[in-house]
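Structure first, then comments.
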Amino acid sequence: MSYSYFNLKGKTVLIMGLGRFGGGLDAAQFAAGTGAKVIVTDLASSEKLGDSVKELEKFPNIELHLGRHDEKDFETSDIIIANPAVPGNNKFLQIARNAGRHVTSQINIFFELCPAKIIGITGANGKSTTTSLTAHLLQNTSYESRATSYDNIWLTGNIGNQPFLTAIEKIKANDLVVIELSSFQIEQLAEIQRAPDIALLTNLTPNHLDRYGTFEKYCAAKEYIFKYQKLDKNNPAISIFNAEDEIACQWYEKYKNDKGRRCIKFSADDVTEEIRDCYNLPGRANLSNLAAALSIVRNFGLTDDSIKKSLPDFKALPHRLEIVSDAGGVRWYNDSKATTPESAITALNAFDVPIILIAGGYDKHLPFDEFGRKIAEKAKAAILIGQTAQQIAKAIKEKLKTKDSKLKTVIADSLSEAVQSAHRLAESGDVVLLSPACASYDMFENYEQRGHQFAEIVKSFKDKNNFSLL
Ligand code: ADP
């Protein structure tokens, strides 16, 4: 059954999964605006959901059924909007389908309603950076230099709690949407055989295996972003693959001869030195993100000159190798978003100067062997905090080649103590890097709070020591 989603008077819409990150809230507010009766259900309690609940209490046509799911809601609501975290084969969604109810999602409604061309970006790592960089380049280039011009560039999706359904009425046919997509959202889109007009995969590494079971299944879910693109000879779908990723290269070969599709490959090596010089984000991973963004924007006629003009203004996203101070010639980076050993290794690889690393946190029972090896190879000092401090210290010790290695390992009781130690050890030219390799829940509410506190503590040093802060 198809619905006119803008007018749902007399219908009941059930939002399954409110969450704390805005997705359910946006869907509920959108549904409330259509005149429908809205029920929001979540397994979490009202206290756990916090501010999202407070926001919804303002709407007279929204009911909250929290702390559990009620089968009856799924049997009787006309439309069920499922959170991306809910797998498609969830028991309650099956109940709704068996009762003939329309099961959909926030992203599916967005794709069905969006009148503008959509650029969709997915991947294991670098999604947010590539998505915002693409939008930045498209937004900050003068229209004269573009072959095609668009009225507005929208940055949305799985990024920074941006509302998308509640913004849909503002999006016009001559706009362009740049959207970050999680693999869960791509799976939801596959249910209605939809995918973006321009699709890019940053890279693939084992992730979310708790949901997918195997890496193959996870890859299959990601592949839908290409598989369901609409092939059209007059207006070809554009599919963009990472030349440095083995599976992506196989997909490139598989899709490259499709009629109505244009396949492109990108690699960090493709970025010219001139463009590289205008880019402030450190490390090869960020160069790969730049190559990815360039491979998109070049389809819109952006010239190298215009790119070189707008690129220097692009700053790292908060908590992702974000420079927070360069006091006294020491660069302090907040990479609090690095919650796995793999991402902290990427951060360590980004610098060729002495690094004082601050790492450790909540114990997710991940192995630290590789991380220990990388610290032993690259760091001048490791200052360790949180539940995993001793484990990381042990991993480093095992990897140190000689007993008289100069690497200093310090265990600190708090982030503040860690920053003080780093400050004592740092010399001009060094980098101090908070890249914890662990989640933050043992000492902080989330990685954002950890990153903010780091920046605050560094700032307090600046105030005491008269340092300059960026
Ligand atoms: P995502 O949105 O996929 O989580 P982000 O752009 O937010 O990615 O970056 C998160 C972290 O992932 C960064 O701090 C960095 O450590 C790592 N990262 C970013 N880009 C890449 C990349 N292209 N390859 C590998 N790791 C990356």
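For the structure tokens, the naming scheme is as follows: chains receive sequential letters (A, B, ...) according to their order of presentation, residues are indexed from 1 within each chain, and ligands are indexed from 1 in presentation order.
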Could you pull out the residues sitting within 9 Å of ligand 1, using only C-alpha atoms and all ligand atoms, and write them as number ranges by chain?
A: 122-132, 158-159, 180, 182, 202-205, 284-290, 292, 316-322, 334-340, 342-347, 435
I need the alpha helix (DSSP H) residues of range 355-446 of chain A per DSSP on the backbone, written as a PyMOL selection string.
chain A and resi 369-378+389-399+415-425
Writer output for current selection, N, CA and C atoms, as an mmCIF file, in the first residue's frame:
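Okay, result.cif is ready:
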data_model
loop_
_atom_site.group_PDB
_atom_site.id
_atom_site.type_symbol
_atom_site.label_atom_id
_atom_site.label_comp_id
_atom_site.auth_asym_id
_atom_site.auth_seq_id
_atom_site.Cartn_x
_atom_site.Cartn_y
_atom_site.Cartn_z
ATOM 1 N N ASP A 369 47.142 -6.376 21.045
ATOM 2 C CA ASP A 369 48.499 -6.745 20.579
ATOM 3 C C ASP A 369 49.007 -5.801 19.481
ATOM 4 N N GLU A 370 48.174 -5.626 18.453
ATOM 5 C CA GLU A 370 48.569 -4.773 17.330
ATOM 6 C C GLU A 370 48.769 -3.323 17.784
ATOM 7 N N PHE A 371 47.861 -2.890 18.655
ATOM 8 C CA PHE A 371 47.917 -1.523 19.180
ATOM 9 C C PHE A 371 49.222 -1.343 19.968
ATOM 10 N N GLY A 372 49.538 -2.326 20.802
ATOM 11 C CA GLY A 372 50.778 -2.287 21.593
ATOM 12 C C GLY A 372 51.992 -2.195 20.673
ATOM 13 N N ARG A 373 51.951 -2.971 19.583
ATOM 14 C CA ARG A 373 53.073 -2.961 18.629
ATOM 15 C C ARG A 373 53.229 -1.573 17.997
ATOM 16 N N LYS A 374 52.082 -0.986 17.618
ATOM 17 C CA LYS A 374 52.116 0.333 16.970
ATOM 18 C C LYS A 374 52.596 1.417 17.945
ATOM 19 N N ILE A 375 52.168 1.326 19.208
ATOM 20 C CA ILE A 375 52.620 2.306 20.203
ATOM 21 C C ILE A 375 54.136 2.177 20.374
ATOM 22 N N ALA A 376 54.601 0.913 20.492
ATOM 23 C CA ALA A 376 56.047 0.683 20.667
ATOM 24 C C ALA A 376 56.826 1.264 19.486
ATOM 25 N N GLU A 377 56.231 1.202 18.292
ATOM 26 C CA GLU A 377 56.916 1.685 17.092
ATOM 27 C C GLU A 377 56.880 3.215 16.983
ATOM 28 N N LYS A 378 55.740 3.825 17.341
ATOM 29 C CA LYS A 378 55.550 5.247 17.000
ATOM 30 C C LYS A 378 55.595 6.230 18.166
ATOM 31 N N ALA A 389 43.877 0.275 31.141
ATOM 32 C CA ALA A 389 45.238 0.849 31.228
ATOM 33 C C ALA A 389 46.304 -0.251 31.378
ATOM 34 N N GLN A 390 46.075 -1.179 32.324
ATOM 35 C CA GLN A 390 47.099 -2.210 32.579
ATOM 36 C C GLN A 390 47.266 -3.133 31.380
ATOM 37 N N GLN A 391 46.143 -3.473 30.733
ATOM 38 C CA GLN A 391 46.210 -4.373 29.566
ATOM 39 C C GLN A 391 47.030 -3.754 28.445
ATOM 40 N N ILE A 392 46.796 -2.452 28.218
ATOM 41 C CA ILE A 392 47.546 -1.789 27.139
ATOM 42 C C ILE A 392 49.026 -1.704 27.524
ATOM 43 N N ALA A 393 49.276 -1.403 28.816
ATOM 44 C CA ALA A 393 50.666 -1.323 29.289
ATOM 45 C C ALA A 393 51.374 -2.662 29.038
ATOM 46 N N LYS A 394 50.655 -3.747 29.300
ATOM 47 C CA LYS A 394 51.229 -5.088 29.111
ATOM 48 C C LYS A 394 51.516 -5.342 27.621
ATOM 49 N N ALA A 395 50.557 -4.959 26.784
ATOM 50 C CA ALA A 395 50.732 -5.168 25.334
ATOM 51 C C ALA A 395 51.940 -4.383 24.811
ATOM 52 N N ILE A 396 52.141 -3.182 25.354
ATOM 53 C CA ILE A 396 53.293 -2.368 24.914
ATOM 54 C C ILE A 396 54.588 -3.052 25.343
ATOM 55 N N LYS A 397 54.608 -3.469 26.619
ATOM 56 C CA LYS A 397 55.820 -4.065 27.183
ATOM 57 C C LYS A 397 56.245 -5.286 26.368
ATOM 58 N N GLU A 398 55.260 -6.087 25.970
ATOM 59 C CA GLU A 398 55.565 -7.292 25.189
ATOM 60 C C GLU A 398 56.150 -6.970 23.822
ATOM 61 N N LYS A 399 55.822 -5.805 23.310
ATOM 62 C CA LYS A 399 56.263 -5.482 21.950
ATOM 63 C C LYS A 399 57.552 -4.665 21.903
ATOM 64 N N LEU A 415 41.724 11.765 33.550
ATOM 65 C CA LEU A 415 42.123 12.424 32.303
ATOM 66 C C LEU A 415 42.961 13.669 32.612
ATOM 67 N N SER A 416 42.562 14.343 33.694
ATOM 68 C CA SER A 416 43.279 15.550 34.066
ATOM 69 C C SER A 416 44.744 15.232 34.407
ATOM 70 N N GLU A 417 44.922 14.141 35.175
ATOM 71 C CA GLU A 417 46.287 13.731 35.526
ATOM 72 C C GLU A 417 47.057 13.339 34.255
ATOM 73 N N ALA A 418 46.366 12.697 33.319
ATOM 74 C CA ALA A 418 47.011 12.284 32.067
ATOM 75 C C ALA A 418 47.489 13.507 31.277
ATOM 76 N N VAL A 419 46.642 14.523 31.232
ATOM 77 C CA VAL A 419 47.026 15.739 30.495
ATOM 78 C C VAL A 419 48.220 16.410 31.180
ATOM 79 N N GLN A 420 48.209 16.398 32.512
ATOM 80 C CA GLN A 420 49.347 17.001 33.240
ATOM 81 C C GLN A 420 50.640 16.268 32.927
ATOM 82 N N SER A 421 50.566 14.917 32.927
ATOM 83 C CA SER A 421 51.766 14.133 32.604
ATOM 84 C C SER A 421 52.243 14.452 31.195
ATOM 85 N N ALA A 422 51.270 14.509 30.248
ATOM 86 C CA ALA A 422 51.626 14.787 28.849
ATOM 87 C C ALA A 422 52.309 16.139 28.747
ATOM 88 N N HIS A 423 51.782 17.081 29.497
ATOM 89 C CA HIS A 423 52.312 18.435 29.469
ATOM 90 C C HIS A 423 53.756 18.468 29.963
ATOM 91 N N ARG A 424 54.017 17.667 31.005
ATOM 92 C CA ARG A 424 55.384 17.610 31.552
ATOM 93 C C ARG A 424 56.361 17.008 30.538
ATOM 94 N N LEU A 425 55.871 16.015 29.758
ATOM 95 C CA LEU A 425 56.763 15.294 28.841
ATOM 96 C C LEU A 425 56.946 15.970 27.485
#
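Checking A:Leu384, A:Ala135, A:Ile356, A:Leu348 one by one against Ile119 in chain A, counting only C-alpha atoms, you find the shortest gap at A:Ala135.
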Please identify all polymer residues within 7 Å of Cys114 in chain A, counting only C-alpha atoms, omitting same-chain residues fewer than 3 positions from it, and present them as a PyMOL selection string.
chain A and resi 110-111+168
Need the shell around Ala237 in chain A: protein/DNA/RNA residues with any atom at most 9 Å away, counting only C-alpha atoms. Skip same-chain ones fewer than 5 positions apart. Format as a PyMOL selection string?
chain A and resi 196-199+226+229-232+260-263
Based on the selection just made, write C-alpha atoms of those residues as an mmCIF file, in the first residue's frame.
data_model
loop_
_atom_site.group_PDB
_atom_site.id
_atom_site.type_symbol
_atom_site.label_atom_id
_atom_site.label_comp_id
_atom_site.auth_asym_id
_atom_site.auth_seq_id
_atom_site.Cartn_x
_atom_site.Cartn_y
_atom_site.Cartn_z
ATOM 1 C CA PRO A 196 21.321 6.977 -3.967
ATOM 2 C CA ASP A 197 21.842 8.499 -7.437
ATOM 3 C CA ILE A 198 25.534 8.794 -6.590
ATOM 4 C CA ALA A 199 26.832 6.097 -4.232
ATOM 5 C CA PHE A 226 25.275 -0.075 -5.658
ATOM 6 C CA GLN A 229 20.906 2.250 -7.955
ATOM 7 C CA LYS A 230 18.577 3.188 -10.779
ATOM 8 C CA LEU A 231 20.283 2.562 -14.130
ATOM 9 C CA ASP A 232 19.422 5.189 -16.707
ATOM 10 C CA GLY A 260 23.109 3.388 -17.382
ATOM 11 C CA ARG A 261 25.842 3.358 -14.735
ATOM 12 C CA ARG A 262 29.233 5.106 -14.522
ATOM 13 C CA CYS A 263 31.827 3.493 -12.276
#
Nearby residues (only C-alpha atoms) at most 7 Å from range 63-77 of chain A, same-chain spacing under 5 positions excluded, as a PyMOL selection string
chain A and resi 12-14+38-46+92+95-96+99+101
Output file for the selection above: C-alpha atoms, as a PDB file, in the first residue's frame:
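See part_21.pdb below for the written result:
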ATOM      1  CA  THR A  12      -2.045   5.642  13.496  1.00  0.00           C
ATOM      2  CA  VAL A  13       1.737   5.731  13.103  1.00  0.00           C
ATOM      3  CA  LEU A  14       3.899   3.637  15.429  1.00  0.00           C
ATOM      4  CA  VAL A  38       1.459   8.788  16.855  1.00  0.00           C
ATOM      5  CA  ILE A  39       2.602   6.111  19.294  1.00  0.00           C
ATOM      6  CA  VAL A  40       6.264   5.950  20.244  1.00  0.00           C
ATOM      7  CA  THR A  41       7.446   2.660  21.692  1.00  0.00           C
ATOM      8  CA  ASP A  42      10.890   1.795  23.059  1.00  0.00           C
ATOM      9  CA  LEU A  43      12.219  -0.981  25.280  1.00  0.00           C
ATOM     10  CA  ALA A  44      14.130   1.633  27.281  1.00  0.00           C
ATOM     11  CA  SER A  45      12.434   3.491  30.095  1.00  0.00           C
ATOM     12  CA  SER A  46      11.480   7.150  30.096  1.00  0.00           C
ATOM     13  CA  PHE A  92       7.339  -7.377  16.394  1.00  0.00           C
ATOM     14  CA  ILE A  95       3.653  -9.410  13.769  1.00  0.00           C
ATOM     15  CA  ALA A  96       2.889  -6.111  12.022  1.00  0.00           C
ATOM     16  CA  ALA A  99      -1.437  -8.244  10.339  1.00  0.00           C
ATOM     17  CA  ARG A 101       0.472  -3.319   8.408  1.00  0.00           C
TER      18      ARG A 101
END
List every residue of range 64-101 of chain A that DSSP, applied to the backbone of this structure, assigns to strand (DSSP E), and report them as a tab-separated table (two decimals) with all heavy atoms, in the first residue's frame.
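Saved to part.tsv:
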chain	number	residue	atom	x	y	z
A	64	LEU	N	3.25	7.88	24.45
A	64	LEU	CA	4.51	7.16	24.69
A	64	LEU	C	4.22	5.81	25.34
A	64	LEU	O	3.55	5.76	26.38
A	64	LEU	CB	5.40	8.00	25.62
A	64	LEU	CG	5.81	9.36	25.05
A	64	LEU	CD1	6.42	10.24	26.12
A	64	LEU	CD2	6.82	9.16	23.92
A	65	HIS	N	4.67	4.74	24.71
A	65	HIS	CA	4.53	3.40	25.30
A	65	HIS	C	5.96	2.88	25.53
A	65	HIS	O	6.54	2.23	24.67
A	65	HIS	CB	3.77	2.46	24.35
A	65	HIS	CG	2.34	2.87	24.12
A	65	HIS	ND1	1.45	2.12	23.40
A	65	HIS	CD2	1.63	3.94	24.55
A	65	HIS	CE1	0.26	2.72	23.37
A	65	HIS	NE2	0.35	3.85	24.06
A	66	LEU	N	6.50	3.21	26.70
A	66	LEU	CA	7.93	2.96	26.94
A	66	LEU	C	8.17	1.79	27.90
A	66	LEU	O	7.24	1.34	28.58
A	66	LEU	CB	8.60	4.22	27.48
A	66	LEU	CG	8.43	5.46	26.59
A	66	LEU	CD1	9.05	6.68	27.24
A	66	LEU	CD2	9.04	5.23	25.21
A	79	ILE	N	0.84	2.34	10.12
A	79	ILE	CA	2.22	2.43	9.61
A	79	ILE	C	3.18	2.25	10.77
A	79	ILE	O	2.98	2.84	11.85
A	79	ILE	CB	2.46	3.83	8.97
A	79	ILE	CG1	1.49	4.04	7.79
A	79	ILE	CG2	3.91	4.00	8.52
A	79	ILE	CD1	1.52	5.46	7.22
A	80	ILE	N	4.21	1.45	10.57
A	80	ILE	CA	5.24	1.29	11.61
A	80	ILE	C	6.55	1.83	11.05
A	80	ILE	O	7.01	1.40	9.98
A	80	ILE	CB	5.41	-0.21	12.02
A	80	ILE	CG1	4.18	-0.70	12.77
A	80	ILE	CG2	6.62	-0.40	12.94
A	80	ILE	CD1	3.14	-1.31	11.96
A	81	ILE	N	7.14	2.79	11.74
A	81	ILE	CA	8.44	3.33	11.31
A	81	ILE	C	9.50	2.75	12.25
A	81	ILE	O	9.55	3.09	13.44
A	81	ILE	CB	8.45	4.87	11.34
A	81	ILE	CG1	7.30	5.45	10.50
A	81	ILE	CG2	9.80	5.40	10.85
A	81	ILE	CD1	7.22	6.97	10.46
A	82	ALA	N	10.33	1.84	11.71
A	82	ALA	CA	11.30	1.14	12.55
A	82	ALA	C	12.63	1.86	12.57
A	82	ALA	O	13.11	2.34	11.55
A	82	ALA	CB	11.50	-0.29	12.02
How many Å separate CA of Phe444 in chain A from CA of Ile355 in chain A?
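Taking CA of Phe444 in chain A and CA of Ile355 in chain A, their separation equals 24.1 Å.
Closest to Ser325 in chain A among A:Lys37, A:Lys259, A:Lys172, A:Lys459 is A:Lys459, based on only C-alpha atoms.
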Would you work out the distance separating CA of Ser460 in chain A from CA of Gly328 in chain A, expressed in Å to one decimal?
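Computing it gives 14.3 Å between the two atoms.
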Considering only C-alpha atoms, can you say which of A:Lys233, A:Lys408, A:Lys48, A:Lys91 comes closest to Ile358 in chain A?
A:Lys408
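Once Glu427 in chain A and its same-chain neighbours fewer than 4 positions away are set aside, Asp326, Ala327, Gly328, Gly329, Val330, Arg331, Trp332, Val353, Pro354, Ile355, Ile356, Lys380, Ala381, Ala422, His423, Val431 and Val432 of chain A remain within 12 Å of it when counting only C-alpha atoms.
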